[in-house]
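J.: Got a structure for you, written out below as structure tokens; questions coming shortly.
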Amino acid sequence: MRKETIAVHGGYEPDPTTGAVAVPIYQTVAYAFDSAEHGAALFNLEAQGYRYSRISNPTNAVLERRVADLEGGVDALSVGSGQAALTYALLNVAQAGRNIVSVPQLYGTTHTLLAHLLPQWGINARFAASDQPEDVEAAIDGDTRAVFCESVGNPAGNIADLVPLAEAAHRHGVPLIVDNTVATPVLLRPIDHGADIVVHSLTKFMGGHGTTMGGIVVDGGRFAWAEHGERFPQFNQPDASYHGLVYSEHFGRTAYAARLRSVYLRTTGAVLSPLSAFLLLQGIESVFVRVERHVQNARRVAEFLRNDTRVEWVNYAGFADNPYYPLVQRYLGGQACSLLTFGVRGGYAGGTRFYDALSLVKRLVNLGDAKSLACHPASTTHRQMPPDVQRNAGVTPEMIRLSVGIEHVDDILADLDQALDAAVSPMFSSERSRHVA
Ligand SMILES: *Cc1c(COP(=O)(O)O)cnc(C)c1O
């Protein structure tokens with residue numbers, strides 16, 4: 001099946017007992033054993049089947065198979081949010097005393113996870129000086145256990161040069177882990193370019209309607225854990241919590257995903273509800289047509305903003321003069337993502353006047369919804385940081401981040417146009433709000 005078809009059918013055949021064509025929501029905690037022997041075989045991971053929904057669930061299994069196939073992986077683990085997926089993906093490779101090497105441009109909460117939370121558990125983050133592969137490789141040391149990046153950075157919009165990043169990681173015997181939330185497998189499949197593990201916030205474009213939180217870790221199945229026994233004892237030595245099971249021997253190519261499930265999901269329990277898995281599957285069925293429209297609309301919006309004197313700058317990787325333009329051609333098939341940032345004239349005041357005047361475009365901190373969404377980082381997500389720290393994080397006072405939706409593009413442009421009027425003319429803005437009131 002081609003990717004578009006996998007998105008609709010992957011991982012599911014009509015239910016053999018009922019013929020149900022839609023994926024059933026298996027809203028059950030537990031599953032009956034045929035006998036004590038059958039239960040024992042399930043608990044020994046010798047028989048395939050279900051025991052308890054903290055570990056696995058048939059609805060979630062369809063989602064896992066579908067996303068694994070979409071990304072070209074061998075297996076996947078679904079969890080309750082993108083952050084849970086990232087936490088599990090990193091804990092699975094790095095134990096206390098080890099480190100993760102990361103590009104500096106990251107989603108804010110992921111930066112917090114790496115810079116502040118994982119160090120409390122003895123796992124350090126080494127942030128490279130830039131996202132250039134040479135800088136990333138220079139940050140790797142003997143304790144590094146993975147290289148991490150976002151394929152398309154949120155909100156910076158930088159694009160990872162995956163092939164040399166994967167080569168650098170592999171030269172040092174560690175996997176490349178990629179957050180593919182913003183790009184989605186519609187535009188980019190990191191495993192095709194050498195990545196070993198792919199992580200998603202399914203909350204965004206994959207679910208696509210702003211209704212459901214979810215995350216997933218996809219195992220590419222190519223990293224040879226068994227060849228790096230000393231670096232990764234957790235995959236190659238007997239696990240005392242599983243009566244001496246050795247993951248790389250028992251599971252082979254799916255060792256990474258199997259350990260995610262039987263260690264982290266089983267003991268810390270960030271499960272995805274089967275109802276959420278169902279809703280996310282509904283979203284994934286249309287992800288190809290939605291992302292196509294998102295991308296088309298974003299190009300029109302970026303061109304409109306760039307040609308407007310009320311706008312100071314536009315950061316959109318689809319412009320030929322953007323430094324990441326060559327990587328858009330190489331990795332995204334020439335299709336820049338629908339997440340873009342721009343600066344309204346008038347600094348912080350101009351930015352907030354624009355933001356307050358938006359009407360169709362919603363003010364919030366989400367992305368990848370069918371609806372157009374805007375965020376003003378200086379007043380919300382980054383407001384705790386002093387201005388110079390904001391600037392280092394790529395946030396300027398006037399900056400607006402837009403997630404361009406799938407509405408008719410003329411309606412999006414009309415809303416941006418009237419909000420820009422309000423931004424450059426405070427008088428207009430107050431008159432307009434009186435009018436609206
Ligand atoms: C939103 C987001 C996350 C976190 O996902 P949640 O589902 O909100 O936990 C992680 N990475 C990126 C790039 C995101 O945009």
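So you can find residues: chains in the structure tokens are A, B, ... in the order shown, residues in each start at 1, and ligands are numbered from 1 in order.
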Using only C-alpha atoms and all ligand atoms, which residues of the polymer chains come no farther than 6 Å from ligand 1? I'd like the answer as a list in words.
T.: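 Counting only what the definition allows, namely only C-alpha atoms and all ligand atoms, the set is Ser81, Gly82, Gln83, Tyr107, Asn154, Thr181, Val182, Ser201, Thr203, Met213, Gly214 and Gly215 of chain A.
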J.: I need the residues in segment 49-237 of chain A that are strand (DSSP E) according to DSSP; give them as an MDAnalysis selection string.
T.: chainID A and resid 75:79 99:102 124:127 144:150 176:179 197:201 215:219
J.: Residues near Gly220 of chain A, anyone? I mean within 9 Å using only C-alpha atoms, not counting same-chain ones fewer than 4 positions away, as a PDB file with all heavy atoms, in the first residue's frame.
T.:
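The new file out12.pdb reads:
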```pdb
ATOM      1  N   ALA A  68       3.392   3.181  12.539  1.00  0.00           N
ATOM      2  CA  ALA A  68       4.664   2.499  12.232  1.00  0.00           C
ATOM      3  C   ALA A  68       4.789   2.320  10.715  1.00  0.00           C
ATOM      4  O   ALA A  68       5.838   2.595  10.128  1.00  0.00           O
ATOM      5  CB  ALA A  68       4.740   1.144  12.940  1.00  0.00           C
ATOM      6  N   GLU A  71       5.458   5.606   8.846  1.00  0.00           N
ATOM      7  CA  GLU A  71       6.822   6.104   9.023  1.00  0.00           C
ATOM      8  C   GLU A  71       7.876   5.135   8.513  1.00  0.00           C
ATOM      9  O   GLU A  71       9.067   5.420   8.568  1.00  0.00           O
ATOM     10  CB  GLU A  71       7.098   6.415  10.506  1.00  0.00           C
ATOM     11  CG  GLU A  71       6.397   7.671  11.025  1.00  0.00           C
ATOM     12  CD  GLU A  71       7.043   8.967  10.501  1.00  0.00           C
ATOM     13  OE1 GLU A  71       7.991   8.882   9.686  1.00  0.00           O
ATOM     14  OE2 GLU A  71       6.603  10.053  10.905  1.00  0.00           O
ATOM     15  N   GLY A  72       7.464   3.962   8.041  1.00  0.00           N
ATOM     16  CA  GLY A  72       8.437   2.970   7.588  1.00  0.00           C
ATOM     17  C   GLY A  72       9.190   2.310   8.733  1.00  0.00           C
ATOM     18  O   GLY A  72      10.332   1.883   8.578  1.00  0.00           O
ATOM     19  N   GLY A  73       8.549   2.224   9.916  1.00  0.00           N
ATOM     20  CA  GLY A  73       9.170   1.572  11.072  1.00  0.00           C
ATOM     21  C   GLY A  73       8.687   0.146  11.225  1.00  0.00           C
ATOM     22  O   GLY A  73       7.843  -0.338  10.448  1.00  0.00           O
ATOM     23  N   VAL A  74       9.233  -0.568  12.241  1.00  0.00           N
ATOM     24  CA  VAL A  74       8.845  -1.969  12.444  1.00  0.00           C
ATOM     25  C   VAL A  74       7.812  -2.131  13.556  1.00  0.00           C
ATOM     26  O   VAL A  74       7.109  -3.136  13.620  1.00  0.00           O
ATOM     27  CB  VAL A  74      10.068  -2.873  12.751  1.00  0.00           C
ATOM     28  CG1 VAL A  74      10.980  -2.949  11.532  1.00  0.00           C
ATOM     29  CG2 VAL A  74      10.837  -2.398  13.984  1.00  0.00           C
ATOM     30  N   ASP A  75       7.730  -1.147  14.467  1.00  0.00           N
ATOM     31  CA  ASP A  75       6.797  -1.252  15.594  1.00  0.00           C
ATOM     32  C   ASP A  75       6.649   0.138  16.191  1.00  0.00           C
ATOM     33  O   ASP A  75       7.444   1.050  15.874  1.00  0.00           O
ATOM     34  CB  ASP A  75       7.352  -2.239  16.637  1.00  0.00           C
ATOM     35  CG  ASP A  75       6.274  -2.764  17.580  1.00  0.00           C
ATOM     36  OD1 ASP A  75       5.086  -2.389  17.428  1.00  0.00           O
ATOM     37  OD2 ASP A  75       6.616  -3.543  18.488  1.00  0.00           O
ATOM     38  N   ALA A  76       5.642   0.310  17.048  1.00  0.00           N
ATOM     39  CA  ALA A  76       5.438   1.618  17.673  1.00  0.00           C
ATOM     40  C   ALA A  76       4.756   1.448  19.018  1.00  0.00           C
ATOM     41  O   ALA A  76       4.115   0.412  19.277  1.00  0.00           O
ATOM     42  CB  ALA A  76       4.592   2.510  16.764  1.00  0.00           C
ATOM     43  N   ILE A 191      13.031   8.015   8.891  1.00  0.00           N
ATOM     44  CA  ILE A 191      13.700   6.706   8.824  1.00  0.00           C
ATOM     45  C   ILE A 191      14.287   6.494   7.427  1.00  0.00           C
ATOM     46  O   ILE A 191      15.358   5.895   7.271  1.00  0.00           O
ATOM     47  CB  ILE A 191      12.718   5.583   9.236  1.00  0.00           C
ATOM     48  CG1 ILE A 191      12.396   5.716  10.740  1.00  0.00           C
ATOM     49  CG2 ILE A 191      13.294   4.193   8.940  1.00  0.00           C
ATOM     50  CD1 ILE A 191      11.229   4.856  11.219  1.00  0.00           C
ATOM     51  N   ALA A 195      17.325   8.068  10.174  1.00  0.00           N
ATOM     52  CA  ALA A 195      16.924   8.139  11.586  1.00  0.00           C
ATOM     53  C   ALA A 195      16.593   6.744  12.096  1.00  0.00           C
ATOM     54  O   ALA A 195      16.168   5.864  11.327  1.00  0.00           O
ATOM     55  CB  ALA A 195      15.721   9.059  11.762  1.00  0.00           C
ATOM     56  N   ASP A 196      16.776   6.534  13.412  1.00  0.00           N
ATOM     57  CA  ASP A 196      16.517   5.227  14.009  1.00  0.00           C
ATOM     58  C   ASP A 196      15.178   5.176  14.733  1.00  0.00           C
ATOM     59  O   ASP A 196      14.520   4.134  14.746  1.00  0.00           O
ATOM     60  CB  ASP A 196      17.651   4.885  14.978  1.00  0.00           C
ATOM     61  CG  ASP A 196      18.979   4.857  14.242  1.00  0.00           C
ATOM     62  OD1 ASP A 196      19.199   3.907  13.479  1.00  0.00           O
ATOM     63  OD2 ASP A 196      19.764   5.815  14.384  1.00  0.00           O
ATOM     64  N   ILE A 197      14.821   6.294  15.362  1.00  0.00           N
ATOM     65  CA  ILE A 197      13.600   6.363  16.161  1.00  0.00           C
ATOM     66  C   ILE A 197      12.863   7.643  15.773  1.00  0.00           C
ATOM     67  O   ILE A 197      13.499   8.690  15.625  1.00  0.00           O
ATOM     68  CB  ILE A 197      13.931   6.432  17.679  1.00  0.00           C
ATOM     69  CG1 ILE A 197      14.924   5.333  18.103  1.00  0.00           C
ATOM     70  CG2 ILE A 197      12.649   6.427  18.520  1.00  0.00           C
ATOM     71  CD1 ILE A 197      14.449   3.923  17.945  1.00  0.00           C
ATOM     72  N   VAL A 198      11.538   7.558  15.618  1.00  0.00           N
ATOM     73  CA  VAL A 198      10.733   8.746  15.294  1.00  0.00           C
ATOM     74  C   VAL A 198       9.685   8.935  16.384  1.00  0.00           C
ATOM     75  O   VAL A 198       9.052   7.966  16.818  1.00  0.00           O
ATOM     76  CB  VAL A 198      10.054   8.588  13.917  1.00  0.00           C
ATOM     77  CG1 VAL A 198       9.071   9.726  13.654  1.00  0.00           C
ATOM     78  CG2 VAL A 198      11.110   8.541  12.820  1.00  0.00           C
ATOM     79  N   ARG A 253      14.680  -7.146  15.964  1.00  0.00           N
ATOM     80  CA  ARG A 253      14.544  -5.791  15.398  1.00  0.00           C
ATOM     81  C   ARG A 253      13.547  -4.913  16.141  1.00  0.00           C
ATOM     82  O   ARG A 253      13.536  -3.705  15.935  1.00  0.00           O
ATOM     83  CB  ARG A 253      14.127  -5.887  13.922  1.00  0.00           C
ATOM     84  CG  ARG A 253      15.216  -6.429  13.038  1.00  0.00           C
ATOM     85  CD  ARG A 253      14.795  -6.357  11.582  1.00  0.00           C
ATOM     86  NE  ARG A 253      14.757  -4.970  11.098  1.00  0.00           N
ATOM     87  CZ  ARG A 253      14.040  -4.576  10.047  1.00  0.00           C
ATOM     88  NH1 ARG A 253      13.285  -5.445   9.406  1.00  0.00           N
ATOM     89  NH2 ARG A 253      14.080  -3.325   9.658  1.00  0.00           N
ATOM     90  N   THR A 254      12.669  -5.513  16.956  1.00  0.00           N
ATOM     91  CA  THR A 254      11.713  -4.663  17.678  1.00  0.00           C
ATOM     92  C   THR A 254      12.083  -4.524  19.160  1.00  0.00           C
ATOM     93  O   THR A 254      11.247  -4.189  19.993  1.00  0.00           O
ATOM     94  CB  THR A 254      10.267  -5.201  17.548  1.00  0.00           C
ATOM     95  OG1 THR A 254      10.234  -6.534  18.077  1.00  0.00           O
ATOM     96  CG2 THR A 254       9.795  -5.231  16.096  1.00  0.00           C
TER      97      THR A 254
END
```
J.: Please, which residues of segment 117-284 of chain A, numbered as in this document, come out helix (DSSP H, G or I) from DSSP, as a tab-separated table (two decimals) with C-alpha atoms, in the first residue's frame?
T.:
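Output contents, as saved in out19.tsv:
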```
chain	number	residue	atom	x	y	z
A	117	LEU	CA	14.05	17.40	34.29
A	118	LEU	CA	16.27	14.63	32.87
A	119	PRO	CA	19.34	16.07	34.70
A	120	GLN	CA	17.51	15.45	38.00
A	121	TRP	CA	17.61	11.77	37.04
A	133	PRO	CA	25.98	18.44	11.69
A	134	GLU	CA	29.64	19.41	12.52
A	135	ASP	CA	28.50	21.26	15.64
A	136	VAL	CA	26.26	18.38	16.65
A	137	GLU	CA	29.04	15.82	16.18
A	138	ALA	CA	31.42	18.02	18.23
A	139	ALA	CA	29.04	17.78	21.20
A	162	LEU	CA	19.07	14.27	8.66
A	163	VAL	CA	21.52	12.29	6.53
A	164	PRO	CA	24.75	13.80	7.98
A	165	LEU	CA	23.18	13.91	11.47
A	166	ALA	CA	22.45	10.17	11.26
A	167	GLU	CA	25.96	9.49	9.94
A	168	ALA	CA	27.47	11.46	12.83
A	169	ALA	CA	25.37	9.57	15.40
A	170	HIS	CA	26.22	6.21	13.83
A	171	ARG	CA	29.97	7.00	13.71
A	184	THR	CA	4.41	14.53	9.53
A	185	PRO	CA	5.12	11.46	7.36
A	186	VAL	CA	3.14	13.22	4.62
A	187	LEU	CA	6.09	15.54	3.98
A	190	PRO	CA	13.01	10.47	8.86
A	191	ILE	CA	13.70	6.71	8.82
A	192	ASP	CA	14.16	6.92	5.02
A	193	HIS	CA	17.03	9.37	5.72
A	225	TRP	CA	21.62	-2.77	19.82
A	226	ALA	CA	23.33	-6.16	20.04
A	227	GLU	CA	26.46	-4.79	18.36
A	228	HIS	CA	26.77	-2.10	21.03
A	233	PRO	CA	23.43	-2.95	28.51
A	234	GLN	CA	19.66	-2.46	28.97
A	235	PHE	CA	19.06	-4.19	25.62
A	236	ASN	CA	21.78	-6.80	25.92
A	240	ALA	CA	15.78	-8.80	36.33
A	241	SER	CA	12.27	-7.28	36.23
A	242	TYR	CA	11.40	-9.73	33.42
A	247	TYR	CA	15.54	-7.69	24.77
A	248	SER	CA	17.88	-7.81	21.78
A	249	GLU	CA	17.79	-11.64	21.77
A	250	HIS	CA	14.08	-12.11	22.42
A	251	PHE	CA	12.74	-9.34	20.18
A	252	GLY	CA	15.47	-8.75	17.58
A	253	ARG	CA	14.54	-5.79	15.40
A	254	THR	CA	11.71	-4.66	17.68
A	255	ALA	CA	13.79	-4.69	20.88
A	256	TYR	CA	13.60	-0.93	21.37
A	257	ALA	CA	9.78	-0.78	21.09
A	258	ALA	CA	9.34	-3.92	23.20
A	259	ARG	CA	11.43	-2.44	26.01
A	260	LEU	CA	9.52	0.85	25.85
A	261	ARG	CA	6.33	-1.11	26.46
A	262	SER	CA	7.46	-3.63	29.02
A	263	VAL	CA	9.58	-1.24	31.07
A	264	TYR	CA	8.24	2.32	30.77
A	265	LEU	CA	4.59	1.93	29.83
A	266	ARG	CA	4.12	-1.02	32.18
A	267	THR	CA	5.72	0.68	35.20
A	268	THR	CA	4.98	4.38	34.71
A	274	PRO	CA	-8.66	3.70	23.40
A	275	LEU	CA	-11.25	6.42	22.71
A	276	SER	CA	-8.41	8.83	22.01
A	277	ALA	CA	-6.73	6.23	19.78
A	278	PHE	CA	-10.00	5.98	17.81
A	279	LEU	CA	-10.25	9.77	17.41
A	280	LEU	CA	-6.61	10.00	16.33
A	281	LEU	CA	-7.21	7.24	13.75
A	282	GLN	CA	-10.12	9.28	12.36
A	283	GLY	CA	-7.76	12.21	11.98
A	284	ILE	CA	-5.00	10.19	10.35
```
